[in-house]
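A.B. asks: Right, I'll just put the structure down here and ask away after.
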Amino acid sequence: MIRLLDNNGPKIISYIGAVTALVLALYLSSLYSYLLFHSFIEIVTIAIAFTLFILTWNTRAYLGNSYLRLLGIGYGFIALIDLIHALAYKGMDVFPGYGSNLPTQLWIAARYLQAVTLLVAPLFAERRVNDHAVFGGYAAAVLGLVATIFSGNFPDCFIEGTGLTAFKIGSEYLISALLLASLFLLYGKRKYFNDRVFFLAAASIACTALSEISFTAYVSVYGIANLVGHFSKLAAFYLIYRAILVTGLKEPIDLVFRDLKQAKDALRKSHDSLEEKIGERTAELHASEQKFRSLAENSPDLIVRYDLDCRRTYVNAAYLRETEVPAGAALNVMLDAAWRSDVSMPVEEYVARLRQVMETGEPTNVTLSWPRSIDGSIVHHAFLIVPERAADGQVKGALSIGRNITALVEAERLLEDSRAQLRDLAVRREAETEVERRRIAHELHDELGQNLSALRFSLNLLDYQFGRDQPNMRAATANLLGMVDKIIQVARDVSSSLRPAALNMGIVPALEWLTAQFSRHAGIPCDLEAPPGDVRMREEQSVAVFRIVQELLTDAARDATAERIQIVFECETEACVIEIRHDGSGFDTDDPPKQKSLDLVGIRERATAVGGAVDVSSAPGRRTVIRVRIPVVADKEGEI
């Protein structure tokens, strides 16, 4: 309070002077006409109260302190009862027949309502109130009090010739007690008010209590006690006016917009903190950008950033060096305007791949090739295109990182050439081997067979000529004939294994002979499903199919768990398909046993030599299915 006086000394002195003059003028008016004095006091206090109500009601959305809002609404209804009190005052003759008791009863009713308002209001200093509910509650209370008084059901407060009743005096003391209690509650909530508002509100309550004490002592409504009571009431209303209306208008940031000021201060602090964090983050991003640029500019890989419109927003030095695109033509232009015409992929296809990455969020790989301007040699680059995301996770562009793989492509080409040469060599060796097998089989069948047949004929002739009388010679001749027969059979078996005679009749008869021989020697049932008749194939294709099936049967016989083998031979429009199935133990196709792996390599090489392909399906504990597809190629006469 002392600090408040120090800060506003001149203004307070002027206020004291004005108030003193006003009090003197009012006192002189009371000497002239007490009714004039009373009417003036009531009109001023009623005007103040209604002004408070109008201000509070129209600014309630901005008045965050519910204590002041409750007082503003309540004082409007208190003023309504005071207005009726002023009209009913002795000498006004507005309500004839009621006397001095009516205005006294209305006074007590208004003061009860005022005391209860001041008592309850501090409880809502930190709570929100429903303005419409408060308005309705006060309206109902005023209507009930006025109806009770005019109906004669309200206790008497003043009796002519006797003065104040016990009810009136007791009520004034009770009201004073309620006011003191409200002052205590207000002090407990002082942290929710600035110093000036708290001081003025407390002074208003004190003056109201003084007014009530004064009204316990008068005998006549024109008495001195009544005069002091009305002066105190005027002071109380003026002080509450200063607390809510004047102070609220002159200092909106400290009162009406106190919460707004606090929010503004908090927002300013948050803004300053945010700016500081933004500054720190900007510095971090700048440092990160510098690191990125340092890494990117010194990277041997090609680095390109694209925006959502597929324009380059950044390229590193390696990109400019490798693509030989000028820096001015590489950035912030559509790709079709800066795309080399000799690149292996059209610009439309590359843009489509970029958009696919940005739309799906899935990375992709692209290989681009173009000739060097220096020597015309082709360079190859493998690019990984990934989506580039913002802090919120939204795709804001794409990042492409490319690496020169020319050496790798060249190594792969050389390796493929080497493989092709080895494959051609293997095909030639296989063809030469088949020719040698055919020659040896022919010699075994023709030359050795003829000689053995001639030897057998000679032995028979020797037995016929000299064996009749020579039992020992006949026995020796018979023994030699048995040996010759075995040699002839061995020669036939070796000749058949080298080059089955059935192969000369076609692939289907050859497979029928092979499966029959396998079932007889291996003891494993082998079923063959083949088209009727024969399939016209080129010689090397027939031999490849026969040898593949022969190797697969040998492999199946090696598997001791195989109990049945099924071979399906089908011919399609452009290819023949051989499928071998057996119920052996199976194996892991990703990591087959060494012998199995070698067998599969041989089968694949045979199939590849005639343009075919092999597909293997197997797993431990499951049956094995090997599918070989051989494309049918017409021979020189147009046959297949």
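Ligands are numbered from 1 in the order shown, chains are lettered A, B, ... in the order of the structure tokens, and residues start at 1 in each chain.
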Select from segment 55-183 of chain A everything DSSP, run on the backbone, classes as helix (DSSP H, G or I), then give the selection as a PDB file with C-alpha atoms, in the first residue's frame.
C.D. replies:
```pdb
ATOM      1  CA  LEU A  55     -19.211  -3.356 -18.799  1.00  0.00           C
ATOM      2  CA  THR A  56     -18.803  -6.783 -17.213  1.00  0.00           C
ATOM      3  CA  TRP A  57     -21.503  -8.449 -19.296  1.00  0.00           C
ATOM      4  CA  ASN A  58     -20.151  -7.152 -22.594  1.00  0.00           C
ATOM      5  CA  SER A  66     -14.291 -14.791 -12.410  1.00  0.00           C
ATOM      6  CA  TYR A  67     -14.263 -12.792  -9.132  1.00  0.00           C
ATOM      7  CA  LEU A  68     -14.658  -9.512 -11.009  1.00  0.00           C
ATOM      8  CA  ARG A  69     -17.198 -10.992 -13.432  1.00  0.00           C
ATOM      9  CA  LEU A  70     -19.339 -12.241 -10.545  1.00  0.00           C
ATOM     10  CA  LEU A  71     -19.193  -8.833  -8.817  1.00  0.00           C
ATOM     11  CA  GLY A  72     -20.086  -6.998 -12.022  1.00  0.00           C
ATOM     12  CA  ILE A  73     -23.164  -9.161 -12.668  1.00  0.00           C
ATOM     13  CA  GLY A  74     -24.213  -9.191  -9.005  1.00  0.00           C
ATOM     14  CA  TYR A  75     -23.969  -5.419  -8.567  1.00  0.00           C
ATOM     15  CA  GLY A  76     -26.331  -4.937 -11.492  1.00  0.00           C
ATOM     16  CA  PHE A  77     -29.088  -6.840  -9.658  1.00  0.00           C
ATOM     17  CA  ILE A  78     -28.189  -5.160  -6.339  1.00  0.00           C
ATOM     18  CA  ALA A  79     -28.701  -1.829  -8.117  1.00  0.00           C
ATOM     19  CA  LEU A  80     -32.146  -2.998  -9.246  1.00  0.00           C
ATOM     20  CA  ILE A  81     -33.250  -3.464  -5.621  1.00  0.00           C
ATOM     21  CA  ASP A  82     -31.584  -0.151  -4.692  1.00  0.00           C
ATOM     22  CA  LEU A  83     -33.603   1.559  -7.444  1.00  0.00           C
ATOM     23  CA  ILE A  84     -36.844   0.277  -5.951  1.00  0.00           C
ATOM     24  CA  HIS A  85     -35.529   1.329  -2.513  1.00  0.00           C
ATOM     25  CA  ALA A  86     -34.895   4.878  -3.778  1.00  0.00           C
ATOM     26  CA  LEU A  87     -38.370   5.106  -5.273  1.00  0.00           C
ATOM     27  CA  ASN A 101     -40.633   0.120   6.581  1.00  0.00           C
ATOM     28  CA  LEU A 102     -40.668  -0.636   2.838  1.00  0.00           C
ATOM     29  CA  PRO A 103     -37.450   1.178   1.881  1.00  0.00           C
ATOM     30  CA  THR A 104     -35.726  -0.266   4.969  1.00  0.00           C
ATOM     31  CA  GLN A 105     -36.751  -3.794   4.007  1.00  0.00           C
ATOM     32  CA  LEU A 106     -35.527  -3.215   0.434  1.00  0.00           C
ATOM     33  CA  TRP A 107     -32.269  -1.860   1.833  1.00  0.00           C
ATOM     34  CA  ILE A 108     -31.719  -4.955   3.986  1.00  0.00           C
ATOM     35  CA  ALA A 109     -32.543  -7.226   1.045  1.00  0.00           C
ATOM     36  CA  ALA A 110     -30.050  -5.390  -1.202  1.00  0.00           C
ATOM     37  CA  ARG A 111     -27.346  -5.527   1.470  1.00  0.00           C
ATOM     38  CA  TYR A 112     -27.881  -9.253   2.079  1.00  0.00           C
ATOM     39  CA  LEU A 113     -27.518  -9.807  -1.646  1.00  0.00           C
ATOM     40  CA  GLN A 114     -24.406  -7.603  -1.723  1.00  0.00           C
ATOM     41  CA  ALA A 115     -22.816  -9.356   1.290  1.00  0.00           C
ATOM     42  CA  VAL A 116     -23.456 -12.821  -0.135  1.00  0.00           C
ATOM     43  CA  THR A 117     -22.017 -11.688  -3.493  1.00  0.00           C
ATOM     44  CA  LEU A 118     -18.837 -10.359  -1.875  1.00  0.00           C
ATOM     45  CA  LEU A 119     -18.551 -13.532   0.247  1.00  0.00           C
ATOM     46  CA  VAL A 120     -18.961 -16.007  -2.620  1.00  0.00           C
ATOM     47  CA  ALA A 121     -16.962 -14.094  -5.268  1.00  0.00           C
ATOM     48  CA  PRO A 122     -13.454 -14.893  -3.860  1.00  0.00           C
ATOM     49  CA  LEU A 123     -14.218 -18.599  -4.178  1.00  0.00           C
ATOM     50  CA  PHE A 124     -14.289 -18.138  -7.978  1.00  0.00           C
ATOM     51  CA  ASP A 131     -22.319 -16.296 -16.835  1.00  0.00           C
ATOM     52  CA  HIS A 132     -25.828 -17.216 -17.935  1.00  0.00           C
ATOM     53  CA  ALA A 133     -26.352 -19.404 -14.876  1.00  0.00           C
ATOM     54  CA  VAL A 134     -25.179 -16.548 -12.608  1.00  0.00           C
ATOM     55  CA  PHE A 135     -27.509 -14.132 -14.403  1.00  0.00           C
ATOM     56  CA  GLY A 136     -30.452 -16.489 -13.978  1.00  0.00           C
ATOM     57  CA  GLY A 137     -29.657 -17.093 -10.305  1.00  0.00           C
ATOM     58  CA  TYR A 138     -29.528 -13.371  -9.500  1.00  0.00           C
ATOM     59  CA  ALA A 139     -32.731 -12.693 -11.427  1.00  0.00           C
ATOM     60  CA  ALA A 140     -34.566 -15.381  -9.478  1.00  0.00           C
ATOM     61  CA  ALA A 141     -33.176 -14.107  -6.143  1.00  0.00           C
ATOM     62  CA  VAL A 142     -34.203 -10.492  -6.829  1.00  0.00           C
ATOM     63  CA  LEU A 143     -37.646 -11.499  -8.006  1.00  0.00           C
ATOM     64  CA  GLY A 144     -38.140 -13.637  -4.878  1.00  0.00           C
ATOM     65  CA  LEU A 145     -36.948 -10.923  -2.481  1.00  0.00           C
ATOM     66  CA  VAL A 146     -39.064  -8.171  -4.042  1.00  0.00           C
ATOM     67  CA  ALA A 147     -42.145 -10.379  -4.138  1.00  0.00           C
ATOM     68  CA  THR A 148     -41.622 -11.389  -0.497  1.00  0.00           C
ATOM     69  CA  ILE A 149     -41.287  -7.758   0.632  1.00  0.00           C
ATOM     70  CA  PHE A 150     -44.296  -6.363  -1.248  1.00  0.00           C
ATOM     71  CA  ALA A 166     -34.287  -6.164  16.242  1.00  0.00           C
ATOM     72  CA  PHE A 167     -34.355  -8.021  12.932  1.00  0.00           C
ATOM     73  CA  LYS A 168     -32.993  -4.952  11.135  1.00  0.00           C
ATOM     74  CA  ILE A 169     -30.212  -4.372  13.653  1.00  0.00           C
ATOM     75  CA  GLY A 170     -29.303  -8.088  13.824  1.00  0.00           C
ATOM     76  CA  SER A 171     -29.269  -8.261  10.038  1.00  0.00           C
ATOM     77  CA  GLU A 172     -26.878  -5.309   9.841  1.00  0.00           C
ATOM     78  CA  TYR A 173     -24.498  -7.041  12.247  1.00  0.00           C
ATOM     79  CA  LEU A 174     -24.831 -10.310  10.346  1.00  0.00           C
ATOM     80  CA  ILE A 175     -24.210  -8.522   7.068  1.00  0.00           C
ATOM     81  CA  SER A 176     -21.152  -6.849   8.602  1.00  0.00           C
ATOM     82  CA  ALA A 177     -19.879 -10.244   9.719  1.00  0.00           C
ATOM     83  CA  LEU A 178     -20.377 -11.614   6.207  1.00  0.00           C
ATOM     84  CA  LEU A 179     -18.472  -8.649   4.804  1.00  0.00           C
ATOM     85  CA  LEU A 180     -15.568  -9.212   7.178  1.00  0.00           C
ATOM     86  CA  ALA A 181     -15.547 -12.887   6.168  1.00  0.00           C
ATOM     87  CA  SER A 182     -15.500 -11.861   2.492  1.00  0.00           C
ATOM     88  CA  LEU A 183     -12.570  -9.537   3.262  1.00  0.00           C
TER      89      LEU A 183
END
```
A.B. asks: So which residues touch Arg547 of chain A within 10 Å, counting only C-alpha atoms, skipping near sequence neighbours fewer than 6 positions away, as a ChimeraX atom specification?
C.D. replies: /A:511,541,553,603,606-607
A.B. asks: Considering only C-alpha atoms, return as JSON, numbers by chain whatever protein or nucleic-acid residues lie within 8 Å of Gly612 of chain A, sequence-local ones (same chain, fewer than 6 positions apart) excluded.
C.D. replies: {"A": [628, 629, 630, 631]}
A.B. asks: Let's have the selection written as a short mmCIF file (atom, residue, chain, number, x, y, z; two decimals), in the first residue's frame, with all heavy atoms.
C.D. replies:
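Below you can see selection-v3.cif, which holds the result:
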```
data_model
loop_
_atom_site.label_atom_id
_atom_site.label_comp_id
_atom_site.auth_asym_id
_atom_site.auth_seq_id
_atom_site.Cartn_x
_atom_site.Cartn_y
_atom_site.Cartn_z
N VAL A 628 13.71 -80.33 -67.48
CA VAL A 628 14.64 -79.87 -68.51
C VAL A 628 13.83 -79.44 -69.72
O VAL A 628 12.98 -80.20 -70.21
CB VAL A 628 15.65 -80.97 -68.90
CG1 VAL A 628 16.63 -80.43 -69.94
CG2 VAL A 628 16.38 -81.49 -67.68
N ARG A 629 14.09 -78.21 -70.18
CA ARG A 629 13.37 -77.69 -71.34
C ARG A 629 14.38 -77.44 -72.46
O ARG A 629 15.32 -76.67 -72.30
CB ARG A 629 12.66 -76.40 -70.99
CG ARG A 629 11.72 -75.88 -72.07
CD ARG A 629 10.98 -74.63 -71.58
NE ARG A 629 9.98 -74.19 -72.53
CZ ARG A 629 10.22 -73.40 -73.57
NH1 ARG A 629 11.46 -72.97 -73.78
NH2 ARG A 629 9.25 -73.05 -74.39
N ILE A 630 14.16 -78.14 -73.61
CA ILE A 630 15.06 -78.04 -74.75
C ILE A 630 14.29 -77.41 -75.90
O ILE A 630 13.28 -77.97 -76.37
CB ILE A 630 15.58 -79.42 -75.19
CG1 ILE A 630 16.25 -80.14 -74.01
CG2 ILE A 630 16.54 -79.28 -76.36
CD1 ILE A 630 17.49 -79.48 -73.51
N PRO A 631 14.70 -76.22 -76.36
CA PRO A 631 14.00 -75.62 -77.51
C PRO A 631 14.26 -76.44 -78.78
O PRO A 631 15.36 -76.94 -79.01
CB PRO A 631 14.61 -74.22 -77.61
CG PRO A 631 15.94 -74.33 -76.97
CD PRO A 631 15.80 -75.36 -75.88
#
```
A.B. asks: Quick one: distance from atom CA of Ala609 of chain A to atom CA of Leu514 of chain A in Å, one decimal?
C.D. replies: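 Distance between the two atoms: 22.0 Å.
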A.B. asks: Calculate how many Å separate atom CA of Leu164 of chain A from atom CA of Ser39 of chain A, rounding to one decimal.
C.D. replies: 21.1 Å
